[in-house]
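Please read the structure below before turning to the comments.
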Amino acid sequence: MDFSFTEEQEMLRTSARDFLGKECPKTKVRELEADERGYHPQTWHKMAELGWMGLVIPSEYGGTGGQFMDLVLLLEEMGRNILPSPFFSTVALCSLPILEFGSKGQKEEFLPKVAKGEIILALALTESSATYEASEIRLRATPKGEEYILEGTKLFVNDANVANYLLVATRTGDRENPEEGITLFLVDATSRGIKVEVIPTTAPDKQCQVNFDKVTVSQQNILGEVNQGWEIVEFILQKATILKCAEIIGASQAVLEMSNSYAKERVQFGRPIGSFQAIQHKLADMLIEVDGAKYLVYEAAWKISQGRPSILEVSMAKAKACEVHQRACLDGIQIHGALGFSQDHDIGLYFRRVKAAEFALGDADFHRERIASELGL
Amino acid sequence: MDFEFGEKEEKLRREIRNFVKEELPPGYFSLVAEEESSDEEWEFAMSIAKKLAKRGWLTMAWPKEYGGQGASIWEQAVYGEEVGYWGIPGTSMGVSGVGWVGPSLILFGGEEQRRKYLPLIASGEPDGVWCTAYSEPNAGSDFANIQTRAVREGDEYIINGQKTWTSAAHRARWCWLAAKTDPDAAKKHRGISLFIMDMKSPGITVRPILGYSGVHIINEEFFDNVRVPASNLVGEENKGWYLLMQSLAFERASFGVGLYGSNRRILDEIIKYAKETQCRGKPLSCNPLVRHKLADRAIEVETLKLISYQTLWKTSQGIVPVYEPSRDKAYGDLVMERLAITGTEILGAYSQVPSPSKWAKLRGCVERLYSFAPAMKILSGTDEIERCVIGQFGLGLPKSY
Ligand SMILES: Cc1cc2nc3c(=O)[nH]c(=O)nc-3n(C[C@H](O)[C@H](O)[C@H](O)COP(=O)(O)OP(=O)(O)OC[C@H]3O[C@@H](n4cnc5c(N)ncnc54)[C@H](O)[C@@H]3O)c2cc1C
């Protein structure tokens, strides 16, 4: 048993925290909300220089071959600071599956560019139902000679507005089991017939509708095997989900800390509001829950990094983290009183992003269902 | 016991529903806190206010001589419920006039004040729009800690200070203002007075404070030697606190049935959505999880209705409710928060999309509800303060702070 990070990891955490604090203060976060791209290219390049994009990419593809846990704590810091960037889409949702399932050619083509920060990738998976059920993948890919023709619509695709390539889940077969007959393609986002529209959201982030109107893609761009794509989605649903959890608990920790310090500062009735039990108990509950969620996330991440099956732990972590974070934000605002409602205070920035994180890679109910299955129910 | 409305109330309900059909665009219902925020919605709300005034509904409970109809508490309840359910805009005239300034003036205002201000509110005209300025940077829950000063000079008071979080101050013609008149009073709350202030007076600066979702509901105001005629003092000097507590009770009570109505509407909309939306080849409404959540929300909404009615009933018996408005407000907050969460869970990713986007579902009502629910738990007395009131005055427990 060891609940600590290595010294190098602690150093990575400290330097990430420093960098993000300087490079992306909350004024920048607010500015980027109104930015069409939704991220800052200069920051993006600096992140690449720090080696963040290539953190877990092996050195033969231009990365530094770090450990999965490094990525976990990096995302925790990004969540803590709210970094608006296509990092999660590019690295967690797309580069990890390319690394695992890509052909040598694909790895050579994409990974070095990812590591250098030269390309942005986005995962086009969910459709009109906005759920992560295999049966809901309907976008058609029809073979035509050496090529496939893609036809359909993806919804709530993060960062498609700035992506160079889209990793697209398509339907190529209609078997009884909806998980069979899914194929993933790496599609050049500038291909003819692709139309991207940004959906206005609470966060606001860059979730997009992507239309595929007879888009031609070479069969060379298939990731993994034809009709075997669900295996890759399942892989994403574990690895990327736990990275999303890391982001969430980083944010919860920030909310806990800011609410706690406000409770110590704010005086009403001649005493700090933190001296009222109603407030103190809220904070105590928050601490219990945030700590609990954090270690669920770490355990699942550790199992993944050991290459062990971890559907149960990942789903537990996601279901818990979503709920804990929502509660932390709601109670955190409550502790701040009207100040927490105002745009000038940071806590609202966290609150507005609760739902985006919750619906990314399956909400609590989706993961509870997976937990139940894993429990043999 | 009798849990039914009489024929008179049901007739009123039918009339209001006809009004809704005639005057509101099909499928319309106003979203929480929508009307103060946008000019367009505000104009529409005021146009409806005028029509409600013409029908005598806007201030129906008030005595006839002040622009009311002398309607019964139960007619008022039906009106409030329908207003909430159909989301009829313009019914509160800013935020304060109909709900608590009017009832307070009727209870303890001077006759001249009643004759001047009540008909203005009842008319539904812009000159009848009010805001309420209690909170300051250092006086939120600790309301009595206000520092804004009112100093008597001849037949005027000179006001200096700062107020914050004032709803609809950017729309209001009048302000229901709490200010300190005796800073040396032995107890803080004994040196406070209540004033009516013309928002057009020189020396008032109103600045917007946007909510985290970008809505413009609240403002901060700076008062720089603002002159208020002494005749605008409500009640006696330094005795404002007791009037303010009464006004706050009216304020909290004003949420009750309306909050029930709007929550009921949103619940109905979500139920409809669950029935019409397919997931894995079946309507969402077949999913036991969805069913149980909605069943729980239905229990809560019904409970909110009943406790709000009970408060009204008590009032109708001539008893002044003490802790009940706090009970209803605290419970209403909880109902709203849970409904908002359930709504987002059922609408899923679509619940992040605000109106008027083409991807928004149910006119974006769930997105708006979820964004606003935290504010509801703070305004007009935080959940914690409401519980302190319930503990102290409802349960007779020792004061806890
Ligand atoms: C949308 C909105 C509209 C508003 N409109 C108006 C308006 O029109 N006019 C107006 O005057 N004000 C308005 N307010 C302000 C509102 O009345 C105050 O926000 C509220 O009274 C709380 O004060 P505060 O924000 O200073 O929080 P604080 O009083 O600083 O409270 C911070 C936290 O401490 C808790 N706390 C404080 N004291 C105690 C205690 N004794 N025991 C336990 N917990 C305690 C609170 O519950 C809260 O959780 C509005 C607020 C909002 C959000």
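By convention here, the chains of the structure tokens are called A, B, ... in the order presented, each chain's residues are numbered starting at 1, and ligands are numbered starting at 1 in the order presented.
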Give me the chain B side of the contact with chain A, cut-off 6 Å, one line per residue showing its nearest atom pair and distance in Å at one decimal, counting only C-alpha atoms, sorted by chain and residue number, as CSV.
```
residue,atom,partner,partner_atom,distance
B:Asp142,CA,A:Gln268,CA,5.5
B:Leu210,CA,A:Gln343,CA,5.5
B:Gly211,CA,A:Ser342,CA,4.3
B:Tyr212,CA,A:Gln343,CA,3.9
B:Ala349,CA,A:Phe359,CA,5.8
B:Gln352,CA,A:Thr201,CA,5.0
B:Val353,CA,A:Thr201,CA,4.6
B:Ile378,CA,A:Gly337,CA,5.8
```
Please produce an output containing N, CA and C atoms for each residue in the selection, written as an mmCIF file, in the first residue's frame.
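As a result, part-v4.cif now contains:
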```cif
data_model
loop_
_atom_site.group_PDB
_atom_site.id
_atom_site.type_symbol
_atom_site.label_atom_id
_atom_site.label_comp_id
_atom_site.auth_asym_id
_atom_site.auth_seq_id
_atom_site.Cartn_x
_atom_site.Cartn_y
_atom_site.Cartn_z
ATOM 1 N N ASP B 142 -26.904 39.115 8.017
ATOM 2 C CA ASP B 142 -26.901 40.036 9.157
ATOM 3 C C ASP B 142 -27.432 41.384 8.686
ATOM 4 N N LEU B 210 -23.750 40.999 -13.080
ATOM 5 C CA LEU B 210 -24.258 39.866 -13.844
ATOM 6 C C LEU B 210 -24.128 38.578 -13.032
ATOM 7 N N GLY B 211 -25.096 37.695 -13.218
ATOM 8 C CA GLY B 211 -24.996 36.368 -12.615
ATOM 9 C C GLY B 211 -23.997 35.530 -13.402
ATOM 10 N N TYR B 212 -23.580 34.396 -12.834
ATOM 11 C CA TYR B 212 -22.561 33.590 -13.521
ATOM 12 C C TYR B 212 -23.002 33.099 -14.891
ATOM 13 N N ALA B 349 -27.388 15.580 -22.022
ATOM 14 C CA ALA B 349 -26.535 16.641 -22.568
ATOM 15 C C ALA B 349 -27.354 17.839 -23.058
ATOM 16 N N GLN B 352 -27.842 21.211 -21.110
ATOM 17 C CA GLN B 352 -26.840 22.287 -21.067
ATOM 18 C C GLN B 352 -27.125 23.368 -22.084
ATOM 19 N N VAL B 353 -28.166 23.175 -22.889
ATOM 20 C CA VAL B 353 -28.378 24.103 -23.997
ATOM 21 C C VAL B 353 -29.473 25.116 -23.653
ATOM 22 N N ILE B 378 -30.502 31.435 -1.886
ATOM 23 C CA ILE B 378 -29.808 32.528 -1.216
ATOM 24 C C ILE B 378 -30.716 33.751 -1.058
#
```
Determine, counting only C-alpha atoms, which protein, DNA and RNA residues have an atom within 9 Å of an atom of B:Arg149; residues of the same chain fewer than 5 positions away are not included. Present the result as a PDB file with N, CA, C and O atoms, in the first residue's frame.
```
ATOM      1  N   ILE B 158     -31.355  62.850   3.946  1.00  0.00           N
ATOM      2  CA  ILE B 158     -30.241  62.760   2.998  1.00  0.00           C
ATOM      3  C   ILE B 158     -29.650  61.363   3.118  1.00  0.00           C
ATOM      4  O   ILE B 158     -29.241  60.933   4.196  1.00  0.00           O
ATOM      5  N   ILE B 159     -29.616  60.654   1.990  1.00  0.00           N
ATOM      6  CA  ILE B 159     -29.179  59.255   2.001  1.00  0.00           C
ATOM      7  C   ILE B 159     -27.783  59.131   1.393  1.00  0.00           C
ATOM      8  O   ILE B 159     -27.529  59.628   0.298  1.00  0.00           O
ATOM      9  N   ASN B 160     -26.919  58.432   2.126  1.00  0.00           N
ATOM     10  CA  ASN B 160     -25.581  58.123   1.627  1.00  0.00           C
ATOM     11  C   ASN B 160     -25.243  56.662   1.925  1.00  0.00           C
ATOM     12  O   ASN B 160     -25.521  56.184   3.023  1.00  0.00           O
ATOM     13  N   GLY B 161     -24.630  56.010   0.953  1.00  0.00           N
ATOM     14  CA  GLY B 161     -24.224  54.624   1.211  1.00  0.00           C
ATOM     15  C   GLY B 161     -24.263  53.767  -0.036  1.00  0.00           C
ATOM     16  O   GLY B 161     -24.360  54.277  -1.154  1.00  0.00           O
ATOM     17  N   ALA B 179     -32.530  51.924   5.757  1.00  0.00           N
ATOM     18  CA  ALA B 179     -31.345  52.730   6.039  1.00  0.00           C
ATOM     19  C   ALA B 179     -31.221  52.977   7.535  1.00  0.00           C
ATOM     20  O   ALA B 179     -32.196  52.860   8.294  1.00  0.00           O
ATOM     21  N   LYS B 180     -30.006  53.306   7.916  1.00  0.00           N
ATOM     22  CA  LYS B 180     -29.731  53.532   9.335  1.00  0.00           C
ATOM     23  C   LYS B 180     -30.043  54.987   9.675  1.00  0.00           C
ATOM     24  O   LYS B 180     -29.547  55.903   9.023  1.00  0.00           O
ATOM     25  N   THR B 181     -30.855  55.200  10.690  1.00  0.00           N
ATOM     26  CA  THR B 181     -31.153  56.568  11.118  1.00  0.00           C
ATOM     27  C   THR B 181     -30.535  56.860  12.480  1.00  0.00           C
ATOM     28  O   THR B 181     -30.366  58.020  12.844  1.00  0.00           O
ATOM     29  N   ASP B 182     -30.230  55.791  13.231  1.00  0.00           N
ATOM     30  CA  ASP B 182     -29.550  56.027  14.510  1.00  0.00           C
ATOM     31  C   ASP B 182     -28.378  55.062  14.663  1.00  0.00           C
ATOM     32  O   ASP B 182     -28.538  53.934  15.131  1.00  0.00           O
ATOM     33  N   PRO B 183     -27.195  55.514  14.271  1.00  0.00           N
ATOM     34  CA  PRO B 183     -26.036  54.617  14.328  1.00  0.00           C
ATOM     35  C   PRO B 183     -25.612  54.315  15.765  1.00  0.00           C
ATOM     36  O   PRO B 183     -24.838  53.382  15.994  1.00  0.00           O
TER      37      PRO B 183
END
```
Which residues come within 10 Å of B:Pro354, counting only C-alpha atoms, excluding same-chain residues fewer than 2 positions away, as a list in words? Ile199, Pro200, Thr201 and Thr202 of chain A; Tyr350, Ser351, Gln352, Pro356, Ser357, Lys358, Trp359, Ala360, Lys361, Leu362, Arg363, Gly364, Cys365, Val366, Glu367, Arg368 and Ser371 of chain B
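Minimum atom-to-atom distance to A:Leu186, evaluated using only C-alpha atoms, belongs to A:Gln106 out of A:Ser259, A:Gln106, A:Ser310, A:Thr64.
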Residues within 12 Å of A:Glu77, please, as a PyMOL selection string. Count only C-alpha atoms; anything in the same chain fewer than 3 positions from it doesn't count. chain A and resi 9-10+12-21+24+70-74+80-83+243-254
Give the helix (DSSP H, G or I) residues of stretch 30-179 of chain B, as assigned by DSSP on the backbone, as number ranges by chain. B: 39-54, 64-66, 73-86, 97-108, 111-122, 126-128, 143-145
Write out as JSON lines the residues of chain B that have any atom within 6 Å of an atom of ligand 1, one row each with the nearest atom pair and its distance in Å to one decimal, counting only C-alpha atoms and all ligand atoms, sorted by chain and then rising number.
```
{"residue": "B:Thr132", "atom": "CA", "partner": "ligand 1", "partner_atom_place_in_ligand_line": "9 (N)", "distance": 4.7}
{"residue": "B:Ala133", "atom": "CA", "partner": "ligand 1", "partner_atom_place_in_ligand_line": "11 (O)", "distance": 4.1}
{"residue": "B:Tyr134", "atom": "CA", "partner": "ligand 1", "partner_atom_place_in_ligand_line": "11 (O)", "distance": 3.4}
{"residue": "B:Ser135", "atom": "CA", "partner": "ligand 1", "partner_atom_place_in_ligand_line": "11 (O)", "distance": 3.8}
{"residue": "B:Ala139", "atom": "CA", "partner": "ligand 1", "partner_atom_place_in_ligand_line": "26 (O)", "distance": 5.8}
{"residue": "B:Gly140", "atom": "CA", "partner": "ligand 1", "partner_atom_place_in_ligand_line": "23 (O)", "distance": 3.1}
{"residue": "B:Ser141", "atom": "CA", "partner": "ligand 1", "partner_atom_place_in_ligand_line": "29 (O)", "distance": 3.5}
{"residue": "B:Asp142", "atom": "CA", "partner": "ligand 1", "partner_atom_place_in_ligand_line": "29 (O)", "distance": 5.9}
{"residue": "B:Trp165", "atom": "CA", "partner": "ligand 1", "partner_atom_place_in_ligand_line": "14 (N)", "distance": 4.6}
{"residue": "B:Thr166", "atom": "CA", "partner": "ligand 1", "partner_atom_place_in_ligand_line": "8 (O)", "distance": 3.8}
{"residue": "B:Ser167", "atom": "CA", "partner": "ligand 1", "partner_atom_place_in_ligand_line": "8 (O)", "distance": 3.7}
{"residue": "B:Ile218", "atom": "CA", "partner": "ligand 1", "partner_atom_place_in_ligand_line": "3 (C)", "distance": 5.9}
{"residue": "B:Ala375", "atom": "CA", "partner": "ligand 1", "partner_atom_place_in_ligand_line": "53 (C)", "distance": 4.4}
{"residue": "B:Ile378", "atom": "CA", "partner": "ligand 1", "partner_atom_place_in_ligand_line": "53 (C)", "distance": 5.2}
{"residue": "B:Leu379", "atom": "CA", "partner": "ligand 1", "partner_atom_place_in_ligand_line": "51 (C)", "distance": 4.0}
{"residue": "B:Ser380", "atom": "CA", "partner": "ligand 1", "partner_atom_place_in_ligand_line": "17 (O)", "distance": 4.6}
{"residue": "B:Gly381", "atom": "CA", "partner": "ligand 1", "partner_atom_place_in_ligand_line": "21 (O)", "distance": 4.6}
{"residue": "B:Thr382", "atom": "CA", "partner": "ligand 1", "partner_atom_place_in_ligand_line": "47 (O)", "distance": 4.7}
{"residue": "B:Asp383", "atom": "CA", "partner": "ligand 1", "partner_atom_place_in_ligand_line": "47 (O)", "distance": 6.0}
{"residue": "B:Glu384", "atom": "CA", "partner": "ligand 1", "partner_atom_place_in_ligand_line": "47 (O)", "distance": 4.3}
{"residue": "B:Ile385", "atom": "CA", "partner": "ligand 1", "partner_atom_place_in_ligand_line": "47 (O)", "distance": 5.5}
{"residue": "B:Tyr401", "atom": "CA", "partner": "ligand 1", "partner_atom_place_in_ligand_line": "41 (N)", "distance": 5.1}
```
Hey, can you spit out that residue selection with C-alpha atoms as a PDB file, in the first residue's frame?
```pdb
ATOM      1  CA  THR B 132     -36.023  46.426  -2.647  1.00  0.00           C
ATOM      2  CA  ALA B 133     -32.699  47.552  -1.233  1.00  0.00           C
ATOM      3  CA  TYR B 134     -31.731  45.883   2.033  1.00  0.00           C
ATOM      4  CA  SER B 135     -28.460  44.043   1.376  1.00  0.00           C
ATOM      5  CA  ALA B 139     -25.037  43.159   5.628  1.00  0.00           C
ATOM      6  CA  GLY B 140     -26.481  40.062   4.036  1.00  0.00           C
ATOM      7  CA  SER B 141     -27.872  37.541   6.484  1.00  0.00           C
ATOM      8  CA  ASP B 142     -26.901  40.036   9.157  1.00  0.00           C
ATOM      9  CA  TRP B 165     -27.629  42.479  -4.990  1.00  0.00           C
ATOM     10  CA  THR B 166     -30.714  44.623  -5.648  1.00  0.00           C
ATOM     11  CA  SER B 167     -33.051  42.803  -8.009  1.00  0.00           C
ATOM     12  CA  ILE B 218     -29.206  42.174  -9.708  1.00  0.00           C
ATOM     13  CA  ALA B 375     -29.642  31.753  -6.334  1.00  0.00           C
ATOM     14  CA  ILE B 378     -29.808  32.528  -1.216  1.00  0.00           C
ATOM     15  CA  LEU B 379     -32.224  35.316  -2.082  1.00  0.00           C
ATOM     16  CA  SER B 380     -34.800  36.582   0.373  1.00  0.00           C
ATOM     17  CA  GLY B 381     -33.044  34.803   3.250  1.00  0.00           C
ATOM     18  CA  THR B 382     -30.649  31.905   2.773  1.00  0.00           C
ATOM     19  CA  ASP B 383     -31.683  28.332   3.467  1.00  0.00           C
ATOM     20  CA  GLU B 384     -29.619  28.436   6.643  1.00  0.00           C
ATOM     21  CA  ILE B 385     -31.290  31.623   7.877  1.00  0.00           C
ATOM     22  CA  TYR B 401     -26.229  32.730  16.566  1.00  0.00           C
TER      23      TYR B 401
END
```
Need the shell around A:Ile222: protein/DNA/RNA residues with any atom at most 9 Å away, counting only C-alpha atoms. Skip same-chain ones fewer than 4 positions apart. Format as a count of residues only? 9
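Picture a line from atom CA of B:Lys188 to atom CA of B:Trp130; it runs 26.2 Å.
With only C-alpha atoms as the atoms that count, the residue of B:Gly6, B:Gly203, B:Gly110, B:Gly56 with the shortest distance to B:Trp74 is B:Gly6.
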Coordinates-based distance that separates atom CA of A:Glu225 from atom CA of A:Leu139 (Å, one decimal):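 Atom-to-atom, atom CA of A:Leu139 and atom CA of A:Glu225 are spaced 17.2 Å apart.
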Surrounding residues of stretch 389-392 of chain B excluding itself and chain neighbours under 3 positions, 8 Å, only C-alpha atoms, as a tab-separated table (two decimals) with all heavy atoms, in the first residue's frame:
```
chain	number	residue	atom	x	y	z
B	323	TYR	N	-43.41	31.30	11.38
B	323	TYR	CA	-42.30	30.55	10.80
B	323	TYR	C	-42.68	29.93	9.46
B	323	TYR	O	-41.83	29.51	8.68
B	323	TYR	CB	-41.86	29.45	11.76
B	323	TYR	CG	-42.88	28.34	11.89
B	323	TYR	CD1	-42.82	27.23	11.05
B	323	TYR	CD2	-43.92	28.43	12.81
B	323	TYR	CE1	-43.77	26.23	11.13
B	323	TYR	CE2	-44.88	27.43	12.89
B	323	TYR	CZ	-44.80	26.33	12.06
B	323	TYR	OH	-45.74	25.36	12.13
B	324	GLU	N	-43.99	29.88	9.16
B	324	GLU	CA	-44.43	29.16	7.97
B	324	GLU	C	-43.85	29.68	6.66
B	324	GLU	O	-43.44	28.88	5.81
B	324	GLU	CB	-45.97	29.13	7.89
B	324	GLU	CG	-46.62	28.21	8.91
B	324	GLU	CD	-46.94	28.91	10.23
B	324	GLU	OE1	-46.37	30.00	10.47
B	324	GLU	OE2	-47.74	28.38	11.01
B	326	SER	N	-41.03	30.90	6.16
B	326	SER	CA	-39.65	30.41	6.09
B	326	SER	C	-39.64	28.92	5.76
B	326	SER	O	-38.80	28.44	5.00
B	326	SER	CB	-38.94	30.64	7.43
B	326	SER	OG	-38.73	32.02	7.62
B	327	ARG	N	-40.56	28.20	6.36
B	327	ARG	CA	-40.68	26.77	6.06
B	327	ARG	C	-40.96	26.56	4.57
B	327	ARG	O	-40.28	25.77	3.91
B	327	ARG	CB	-41.86	26.20	6.88
B	327	ARG	CG	-42.19	24.76	6.58
B	327	ARG	CD	-43.56	24.36	7.16
B	327	ARG	NE	-44.66	25.07	6.49
B	327	ARG	CZ	-45.94	25.01	6.87
B	327	ARG	NH1	-46.28	24.30	7.94
B	327	ARG	NH2	-46.87	25.65	6.20
B	385	ILE	N	-30.57	30.63	7.07
B	385	ILE	CA	-31.29	31.62	7.88
B	385	ILE	C	-32.75	31.22	8.04
B	385	ILE	O	-33.33	31.34	9.13
B	385	ILE	CB	-31.14	33.04	7.25
B	385	ILE	CG1	-29.69	33.50	7.35
B	385	ILE	CG2	-32.07	34.03	7.92
B	385	ILE	CD1	-29.09	33.57	8.75
B	386	GLU	N	-33.36	30.70	6.97
B	386	GLU	CA	-34.75	30.24	7.09
B	386	GLU	C	-34.84	29.15	8.17
B	386	GLU	O	-35.79	29.10	8.95
B	386	GLU	CB	-35.28	29.67	5.77
B	386	GLU	CG	-35.24	30.61	4.57
B	386	GLU	CD	-36.10	31.87	4.69
B	386	GLU	OE1	-36.66	32.14	5.77
B	386	GLU	OE2	-36.19	32.61	3.69
B	395	LEU	N	-39.98	26.22	16.49
B	395	LEU	CA	-39.71	25.14	17.44
B	395	LEU	C	-39.38	25.64	18.84
B	395	LEU	O	-39.20	24.85	19.76
B	395	LEU	CB	-38.54	24.28	16.92
B	395	LEU	CG	-38.79	23.56	15.59
B	395	LEU	CD1	-37.49	23.06	14.99
B	395	LEU	CD2	-39.76	22.40	15.79
B	396	GLY	N	-39.26	26.94	18.98
B	396	GLY	CA	-38.96	27.51	20.29
B	396	GLY	C	-37.57	27.16	20.80
B	396	GLY	O	-37.32	27.14	22.01
B	397	LEU	N	-36.66	26.87	19.88
B	397	LEU	CA	-35.29	26.55	20.30
B	397	LEU	C	-34.53	27.84	20.61
B	397	LEU	O	-34.91	28.91	20.15
B	397	LEU	CB	-34.59	25.79	19.17
B	397	LEU	CG	-35.12	24.38	18.89
B	397	LEU	CD1	-34.58	23.86	17.57
B	397	LEU	CD2	-34.74	23.45	20.04
B	398	PRO	N	-33.46	27.71	21.38
B	398	PRO	CA	-32.66	28.92	21.65
B	398	PRO	C	-32.11	29.50	20.35
B	398	PRO	O	-31.81	28.75	19.43
B	398	PRO	CB	-31.51	28.41	22.52
B	398	PRO	CG	-31.81	27.01	22.88
B	398	PRO	CD	-32.89	26.51	21.99
B	399	LYS	N	-31.99	30.80	20.32
B	399	LYS	CA	-31.38	31.47	19.17
B	399	LYS	C	-29.98	30.88	18.95
B	399	LYS	O	-29.23	30.71	19.91
B	399	LYS	CB	-31.29	32.96	19.46
B	399	LYS	CG	-30.92	33.79	18.27
B	399	LYS	CD	-30.99	35.28	18.57
B	399	LYS	CE	-30.38	36.04	17.41
B	399	LYS	NZ	-30.00	37.39	17.70
B	400	SER	N	-29.65	30.58	17.70
B	400	SER	CA	-28.44	29.79	17.46
B	400	SER	C	-27.24	30.62	17.03
B	400	SER	O	-26.21	30.09	16.67
B	400	SER	CB	-28.72	28.72	16.41
B	400	SER	OG	-29.05	29.34	15.19
```
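The shortest atom-to-atom distance to B:Leu334, with only C-alpha atoms taken into account, belongs to B:Asn263 out of B:Thr59, B:Asn263, B:Thr311, B:Ser355.
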With a distance cut-off of 9 Å and only C-alpha atoms, select the neighbouring residues of B:Tyr28, excluding the residue or stretch itself and same-chain residues fewer than 4 positions from it, and output the selection as a PyMOL selection string. chain B and resi 24+86-88+363
